[in-house]
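Chemist: The structure that follows is given in the form of structure tokens.
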Amino acid sequence: MKIYEELVARGLIAQVTNEEEIKNMINEGKATFYIGFDCTADSLTAGHFMALTLMKRLQMAGNKPIALIGGGTTMIGDPTGRTDMRKMLTIEDINHNAECFKRQMERFIDFGEGKATMINNADWLLNLNYVELLREVGACFSVNRMLSAECYKQRMEKGLSFLEFNYMIMQSYDFYHLFKTYGCNMQFGGDDQWSNMLGGTELIRRKLGQDAHAMTITLLTDSQGKKMGKTAGNAVWLDPNKTSPFEFYQYWRNVGDEDVLKCIRMLTFLPIEQINEMDSWEGAQLNRAKEILAYELTQMVHGTEEAEKAQTMARSLFTGGADNAPTVELSADDLVDGAIDILSVLVKAELVPSRSEARRAVEQGGVVVNDEKITNLRHSFTSDDLKAGILVRRGKKNFKKVVIK
């Protein structure tokens, strides 16, 4: 099976501008493609994982990836899928985040000589003259078409700033610049980026009279979330200092039954024939599939040793063992009058993002401490309780051991 056909079989292709030509380019290893990563945090998340694995698959088939670090576009902020404006970051923050991205990407992509290229769009976007940009690029965009684009819909409900309105033009200019300067003939992105990506292909056609292509990768079903990478209200980071290997493993171990095989197809490098054999799996077999998914992805991000440790720890927790649970250490400052209530414990342990979520979890009967279901919102623990350590569980699969220093 050739690489394009494999991408289709794995459910990765959503839309393309010219399927036959794109298929031939990719199968023959003639695609120089880019995927953009805005530097909104100091770590990539599980939500970036599909893009990283896609880049790796295509590179293994002889195509050349360009990892575009969005040092320039991050200063504007992508409005896609948001109801509010993104936090404005300083140039120093953006540059720091870009360096963090580079280090993480190198675990997946080969940036050796003649292989993949890593480029920062700040190198050209920050030097643009605004009036020149309006004359060169602005005339190629219809405001009416831009306002009808999917990427602006949610922001239009609360008000779209002129700053964000420029994002499509900046992203389109990226493709135009990469096409002219680096011979980049294809762009990839999530399905929610389709309008922005078409803007780039149209700009190249109108300015240069040449064709370039756009191709979007699918996102998972709504039950898994339009974007991967969040659990209990918090991001799932690739940085082990922000999301431990065990927590990363548990995130994938806890995907829904309806999504586990989709995730295995889209994200792992297991042979498609092996995955197809899992299609008939049900019941307890789906739990085995979740273990396979969690192990494979944890191994890719954190290495074999950490993946094996995470799997052993997870299995131990399911059989009631507390010694291997991830530990959260509290200090005396976290206690009030020598005690801490259950809602604060849940928040401190990052089992919930807020006290309101903690309250809801207790009221719904989803909180257990040392095998005892907690139903009293005012239930508290003394420093003596915490010296011995308490095993706190939210739901069936999220555990933390909480102790005091």
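Every chain in the structure tokens takes a letter, A first, then B, and so on in the order presented; its residues are numbered from 1, and the ligands are numbered from 1 following the presented order.
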Show which residues sit within 10 Å of Met146 (chain A), as a PyMOL selection string. Count only C-alpha atoms, and ignore same-chain residues fewer than 6 positions away.

Modeler: chain A and resi 152+165-166+168-169+195-196+199

Chemist: Taking a cut-off of 12 Å and counting only C-alpha atoms, can you build a table that, for each residue of region 45-109 of chain A near region 247-257 of chain A, reports the nearest atom pair and how far apart they are in Å (one decimal), sorted by chain then residue number, as a Markdown table?

Modeler:
| residue | atom | partner | partner_atom | distance |
| --- | --- | --- | --- | --- |
| A:Thr45 | CA | A:Phe248 | CA | 10.1 |
| A:Ala46 | CA | A:Phe248 | CA | 8.5 |
| A:Gly47 | CA | A:Tyr251 | CA | 11.9 |
| A:Phe49 | CA | A:Trp252 | CA | 11.9 |

Chemist: Could you find all residues in region 166-360 of chain A that DSSP calls strand (DSSP E or B) from the backbone, and write them as a ChimeraX atom specification?

Modeler: /A:186-190,213-217,230-231,234-235,237,327-330,336,339-341

Chemist: Which residue gives the smallest distance to Gly138 (chain A) among A:Met1, A:Glu329, A:Arg288, A:Arg206, with only C-alpha atoms counted?

Modeler: A:Arg206

Chemist: If we count only C-alpha atoms and set the cut-off at 8 Å, which residues sit around region 14-17 of chain A, ignoring sequence neighbours fewer than 6 positions away in its own chain? Please answer as a list of chain:residue names.

Modeler: A:Asp191, A:His213, A:Ala214, A:Met215, A:Thr216, A:Ile217, A:Thr218

Chemist: Kindly export the residues of the current selection with N, CA and C atoms, as a PDB file, in the first residue's frame.

Modeler:
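What landed in selection-v8.pdb:
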ATOM      1  N   ASP A 191      -8.813  20.139   9.788  1.00  0.00           N
ATOM      2  CA  ASP A 191      -9.972  20.432   8.944  1.00  0.00           C
ATOM      3  C   ASP A 191     -10.568  21.807   9.239  1.00  0.00           C
ATOM      4  N   HIS A 213      -1.032  23.282  -3.482  1.00  0.00           N
ATOM      5  CA  HIS A 213      -2.126  22.444  -3.018  1.00  0.00           C
ATOM      6  C   HIS A 213      -2.302  22.481  -1.502  1.00  0.00           C
ATOM      7  N   ALA A 214      -3.534  22.281  -1.091  1.00  0.00           N
ATOM      8  CA  ALA A 214      -3.880  22.230   0.329  1.00  0.00           C
ATOM      9  C   ALA A 214      -4.504  20.877   0.628  1.00  0.00           C
ATOM     10  N   MET A 215      -4.224  20.383   1.801  1.00  0.00           N
ATOM     11  CA  MET A 215      -4.738  19.075   2.198  1.00  0.00           C
ATOM     12  C   MET A 215      -4.961  19.114   3.702  1.00  0.00           C
ATOM     13  N   THR A 216      -6.136  18.754   4.149  1.00  0.00           N
ATOM     14  CA  THR A 216      -6.403  18.809   5.582  1.00  0.00           C
ATOM     15  C   THR A 216      -6.512  17.423   6.164  1.00  0.00           C
ATOM     16  N   ILE A 217      -6.083  17.317   7.404  1.00  0.00           N
ATOM     17  CA  ILE A 217      -6.215  16.064   8.128  1.00  0.00           C
ATOM     18  C   ILE A 217      -7.447  16.138   9.012  1.00  0.00           C
ATOM     19  N   THR A 218      -8.081  15.014   9.218  1.00  0.00           N
ATOM     20  CA  THR A 218      -9.308  15.002  10.005  1.00  0.00           C
ATOM     21  C   THR A 218      -8.993  15.140  11.487  1.00  0.00           C
TER      22      THR A 218
END

Chemist: Skip Met105 (chain A) itself and residues of its chain fewer than 3 positions away, then list as a compact mmCIF listing (two decimals) with C-alpha atoms, in the first residue's frame all residues within 10 Å of it, counting only C-alpha atoms.

Modeler:
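Here's the written file around_23.txt:
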# COMPACT_ATOMS: atom_id res chain seq x y z
CA LEU A 44 3.34 21.09 22.39
CA LEU A 52 3.65 15.36 14.18
CA ALA A 67 7.87 22.69 10.44
CA CYS A 100 10.72 24.62 23.40
CA PHE A 101 8.76 23.51 20.32
CA LYS A 102 11.96 22.89 18.38
CA PHE A 108 9.71 12.96 15.86
CA ILE A 109 11.17 14.60 12.77
CA ASP A 110 14.62 14.17 11.20
CA PHE A 111 16.04 17.67 10.75
CA MET A 118 12.38 24.23 10.70
CA VAL A 301 6.91 10.70 23.28

Chemist: Here is a test: counting only C-alpha atoms, which residue of A:Gly183, A:Gly283, A:Pro326, A:Pro271 is nearest to Pro245 (chain A)?

Modeler: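 Nearest candidate to Pro245 (chain A) out of A:Gly183, A:Gly283, A:Pro326, A:Pro271: A:Pro326.
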